[in-house]
file start31.cif (mmCIF, C-alpha atoms)
data_coords
#
loop_
_atom_site.group_PDB
_atom_site.id
_atom_site.type_symbol
_atom_site.label_atom_id
_atom_site.label_comp_id
_atom_site.auth_asym_id
_atom_site.auth_seq_id
_atom_site.Cartn_x
_atom_site.Cartn_y
_atom_site.Cartn_z
ATOM 1 C CA MET A 1 -0.783 5.373 -9.272
ATOM 2 C CA LYS A 2 0.301 7.597 -6.436
ATOM 3 C CA LEU A 3 -1.312 7.946 -3.007
ATOM 4 C CA PHE A 4 -1.556 11.502 -1.671
ATOM 5 C CA ASP A 5 -2.703 12.941 1.624
ATOM 6 C CA GLY A 6 -3.740 16.438 0.645
ATOM 7 C CA GLY A 7 -0.789 17.643 -1.400
ATOM 8 C CA GLU A 8 1.728 15.322 0.271
ATOM 9 C CA LEU A 9 2.892 12.175 -1.517
ATOM 10 C CA GLU A 10 2.394 9.108 0.701
ATOM 11 C CA GLY A 11 3.571 6.452 -1.734
ATOM 12 C CA GLU A 12 2.703 4.504 -4.827
ATOM 13 C CA ILE A 13 -0.002 1.918 -5.348
ATOM 14 C CA CYS A 14 0.900 -1.174 -7.357
ATOM 15 C CA PRO A 15 -1.335 -2.148 -10.306
ATOM 16 C CA GLU A 16 -2.606 -5.233 -8.484
ATOM 17 C CA CYS A 17 -3.751 -3.077 -5.567
ATOM 18 C CA VAL A 18 -5.418 -0.596 -7.924
ATOM 19 C CA LEU A 19 -7.353 -3.474 -9.460
ATOM 20 C CA ALA A 20 -8.315 -4.711 -5.969
ATOM 21 C CA GLY A 21 -9.848 -1.299 -5.229
ATOM 22 C CA PRO A 22 -9.266 0.857 -2.157
ATOM 23 C CA ALA A 23 -10.688 -1.696 0.290
ATOM 24 C CA GLY A 24 -8.681 -4.532 -1.257
ATOM 25 C CA ALA A 25 -5.519 -2.435 -1.273
ATOM 26 C CA ALA A 26 -6.066 -1.497 2.388
ATOM 27 C CA ALA A 27 -6.554 -5.185 3.231
ATOM 28 C CA LYS A 28 -3.233 -6.037 1.562
ATOM 29 C CA VAL A 29 -1.495 -3.320 3.577
ATOM 30 C CA ARG A 30 -3.124 -4.593 6.781
ATOM 31 C CA TRP A 31 -2.027 -8.154 5.937
ATOM 32 C CA ARG A 32 1.520 -6.880 5.527
ATOM 33 C CA LEU A 33 1.268 -5.162 8.902
ATOM 34 C CA GLY A 34 0.190 -8.446 10.450
ATOM 35 C CA ALA A 35 3.078 -10.266 8.792
ATOM 36 C CA MET A 36 5.503 -7.727 10.240
ATOM 37 C CA GLY A 37 4.169 -8.509 13.694
ATOM 38 C CA ARG A 38 4.907 -12.211 13.245
ATOM 39 C CA THR A 39 8.604 -11.843 12.387
ATOM 40 C CA GLU A 40 11.433 -11.730 14.874
ATOM 41 C CA ASN A 41 13.576 -8.607 15.148
ATOM 42 C CA GLU A 42 17.311 -8.234 15.316
ATOM 43 C CA ALA A 43 18.690 -6.090 18.103
ATOM 44 C CA GLY A 44 18.235 -2.381 17.341
ATOM 45 C CA GLU A 45 15.576 -2.895 14.651
ATOM 46 C CA GLU A 46 12.614 -2.119 16.899
ATOM 47 C CA GLU A 47 12.592 1.642 16.191
ATOM 48 C CA GLU A 48 12.813 1.173 12.418
ATOM 49 C CA ARG A 49 10.077 -1.441 12.544
ATOM 50 C CA ALA A 50 7.811 0.859 14.560
ATOM 51 C CA SER A 51 8.351 3.554 11.929
ATOM 52 C CA TRP A 52 7.292 1.151 9.144
ATOM 53 C CA ILE A 53 4.251 0.084 11.135
ATOM 54 C CA ARG A 54 3.136 3.712 11.573
ATOM 55 C CA LEU A 55 3.683 4.412 7.858
ATOM 56 C CA LEU A 56 1.766 1.346 6.689
ATOM 57 C CA ASP A 57 -1.050 2.002 9.161
ATOM 58 C CA ARG A 58 -1.361 5.565 7.838
ATOM 59 C CA ARG A 59 -1.483 4.292 4.246
ATOM 60 C CA ALA A 60 -4.147 1.730 5.121
ATOM 61 C CA HIS A 61 -6.291 4.477 6.697
ATOM 62 C CA LEU A 62 -5.901 6.684 3.620
ATOM 63 C CA LEU A 63 -6.932 3.814 1.356
ATOM 64 C CA GLU A 64 -9.918 2.986 3.566
ATOM 65 C CA GLU A 65 -11.074 6.606 3.272
ATOM 66 C CA THR A 66 -10.895 6.455 -0.544
ATOM 67 C CA SER A 67 -14.237 5.704 -2.174
ATOM 68 C CA SER A 68 -12.800 4.408 -5.461
ATOM 69 C CA PHE A 69 -9.884 4.691 -7.862
ATOM 70 C CA SER A 70 -10.389 6.559 -11.115
ATOM 71 C CA LEU A 71 -11.325 4.729 -14.302
ATOM 72 C CA ALA A 72 -8.099 5.942 -15.915
ATOM 73 C CA ALA A 73 -6.047 4.462 -13.064
ATOM 74 C CA ARG A 74 -7.863 1.125 -13.316
ATOM 75 C CA GLN A 75 -7.390 1.021 -17.090
ATOM 76 C CA ALA A 76 -3.673 1.803 -16.730
ATOM 77 C CA ALA A 77 -3.349 -0.971 -14.143
ATOM 78 C CA VAL A 78 -4.995 -3.469 -16.501
ATOM 79 C CA ARG A 79 -2.612 -2.470 -19.316
ATOM 80 C CA GLU A 80 0.417 -2.766 -17.046
ATOM 81 C CA THR A 81 -0.529 -6.194 -15.714
ATOM 82 C CA ARG A 82 -1.194 -7.436 -19.271
ATOM 83 C CA GLU A 83 2.223 -6.203 -20.419
ATOM 84 C CA ARG A 84 3.920 -8.288 -17.711
ATOM 85 C CA ARG A 85 2.397 -11.537 -18.984
#

call {"tool": "encode", "arguments": {"input": "start31.cif", "output": "structure tokens"}}
result
Amino acid sequence: MKLFDGGELEGEICPECVLAGPAGAAAKVRWRLGAMGRTENEAGEEEERASWIRLLDRRAHLLEETSSFSLAARQAAVRETRERR
């Protein structure tokens, strides 16, 4: 499933996040943001890290504003996770 802001592609949503729903997916993104804050940076990585933080924060906000994922998307996510087993 793809995440759009208007007509602009923001990224893809993994099947596990689709199954977790928008709030669950946003929580996973926020957890990842928190994990990024706990790691040490190499010299010169601060700007790239700040860019990732802004991107992930934007995605979390978009997910939080989503009321639900479509039935078709949830069904596709179930099929994909079953195929992996």

call {"tool": "atom_distance", "arguments": {"input": "start31.cif", "atom1": "CA of Arg84 (chain A)", "atom2": "CA of Glu12 (chain A)"}}
result
18.2 Å

call {"tool": "residues_around", "arguments": {"input": "start31.cif", "residues": "Cys17 (chain A)", "least_positions_apart": "2", "cutoff": "12 Å", "atoms": "all atoms listed in the file", "output": "ChimeraX atom specification"}}
result
/A:1-3,12-15,19-29,60,63,68-69,73-74,77-78,81

call {"tool": "write_last_selection", "arguments": {"input": "start31.cif", "atoms": "C-alpha atoms", "output": "PDB file, keeping the file's coordinate frame"}}
result
ATOM      1  CA  MET A   1      -0.783   5.373  -9.272  1.00  0.00           C
ATOM      2  CA  LYS A   2       0.301   7.597  -6.436  1.00  0.00           C
ATOM      3  CA  LEU A   3      -1.312   7.946  -3.007  1.00  0.00           C
ATOM      4  CA  GLU A  12       2.703   4.504  -4.827  1.00  0.00           C
ATOM      5  CA  ILE A  13      -0.002   1.918  -5.348  1.00  0.00           C
ATOM      6  CA  CYS A  14       0.900  -1.174  -7.357  1.00  0.00           C
ATOM      7  CA  PRO A  15      -1.335  -2.148 -10.306  1.00  0.00           C
ATOM      8  CA  LEU A  19      -7.353  -3.474  -9.460  1.00  0.00           C
ATOM      9  CA  ALA A  20      -8.315  -4.711  -5.969  1.00  0.00           C
ATOM     10  CA  GLY A  21      -9.848  -1.299  -5.229  1.00  0.00           C
ATOM     11  CA  PRO A  22      -9.266   0.857  -2.157  1.00  0.00           C
ATOM     12  CA  ALA A  23     -10.688  -1.696   0.290  1.00  0.00           C
ATOM     13  CA  GLY A  24      -8.681  -4.532  -1.257  1.00  0.00           C
ATOM     14  CA  ALA A  25      -5.519  -2.435  -1.273  1.00  0.00           C
ATOM     15  CA  ALA A  26      -6.066  -1.497   2.388  1.00  0.00           C
ATOM     16  CA  ALA A  27      -6.554  -5.185   3.231  1.00  0.00           C
ATOM     17  CA  LYS A  28      -3.233  -6.037   1.562  1.00  0.00           C
ATOM     18  CA  VAL A  29      -1.495  -3.320   3.577  1.00  0.00           C
ATOM     19  CA  ALA A  60      -4.147   1.730   5.121  1.00  0.00           C
ATOM     20  CA  LEU A  63      -6.932   3.814   1.356  1.00  0.00           C
ATOM     21  CA  SER A  68     -12.800   4.408  -5.461  1.00  0.00           C
ATOM     22  CA  PHE A  69      -9.884   4.691  -7.862  1.00  0.00           C
ATOM     23  CA  ALA A  73      -6.047   4.462 -13.064  1.00  0.00           C
ATOM     24  CA  ARG A  74      -7.863   1.125 -13.316  1.00  0.00           C
ATOM     25  CA  ALA A  77      -3.349  -0.971 -14.143  1.00  0.00           C
ATOM     26  CA  VAL A  78      -4.995  -3.469 -16.501  1.00  0.00           C
ATOM     27  CA  THR A  81      -0.529  -6.194 -15.714  1.00  0.00           C
TER      28      THR A  81
END

call {"tool": "closest_residue", "arguments": {"input": "start31.cif", "among": "A:Arg32, A:Val18, A:Leu9, A:Arg85", "to": "Thr66 (chain A)", "atoms": "only C-alpha atoms"}}
result
A:Val18

call {"tool": "resolve_selection", "arguments": {"input": "start31.cif", "expression": "the PyMOL selection byres ((chain A and resi 52-54) around 12)", "output": "ChimeraX atom specification"}}
result
/A:29-37,45-51,55-61

call {"tool": "atom_distance", "arguments": {"input": "start31.cif", "atom1": "CA of Leu62 (chain A)", "atom2": "CA of Asp5 (chain A)"}}
result
7.3 Å
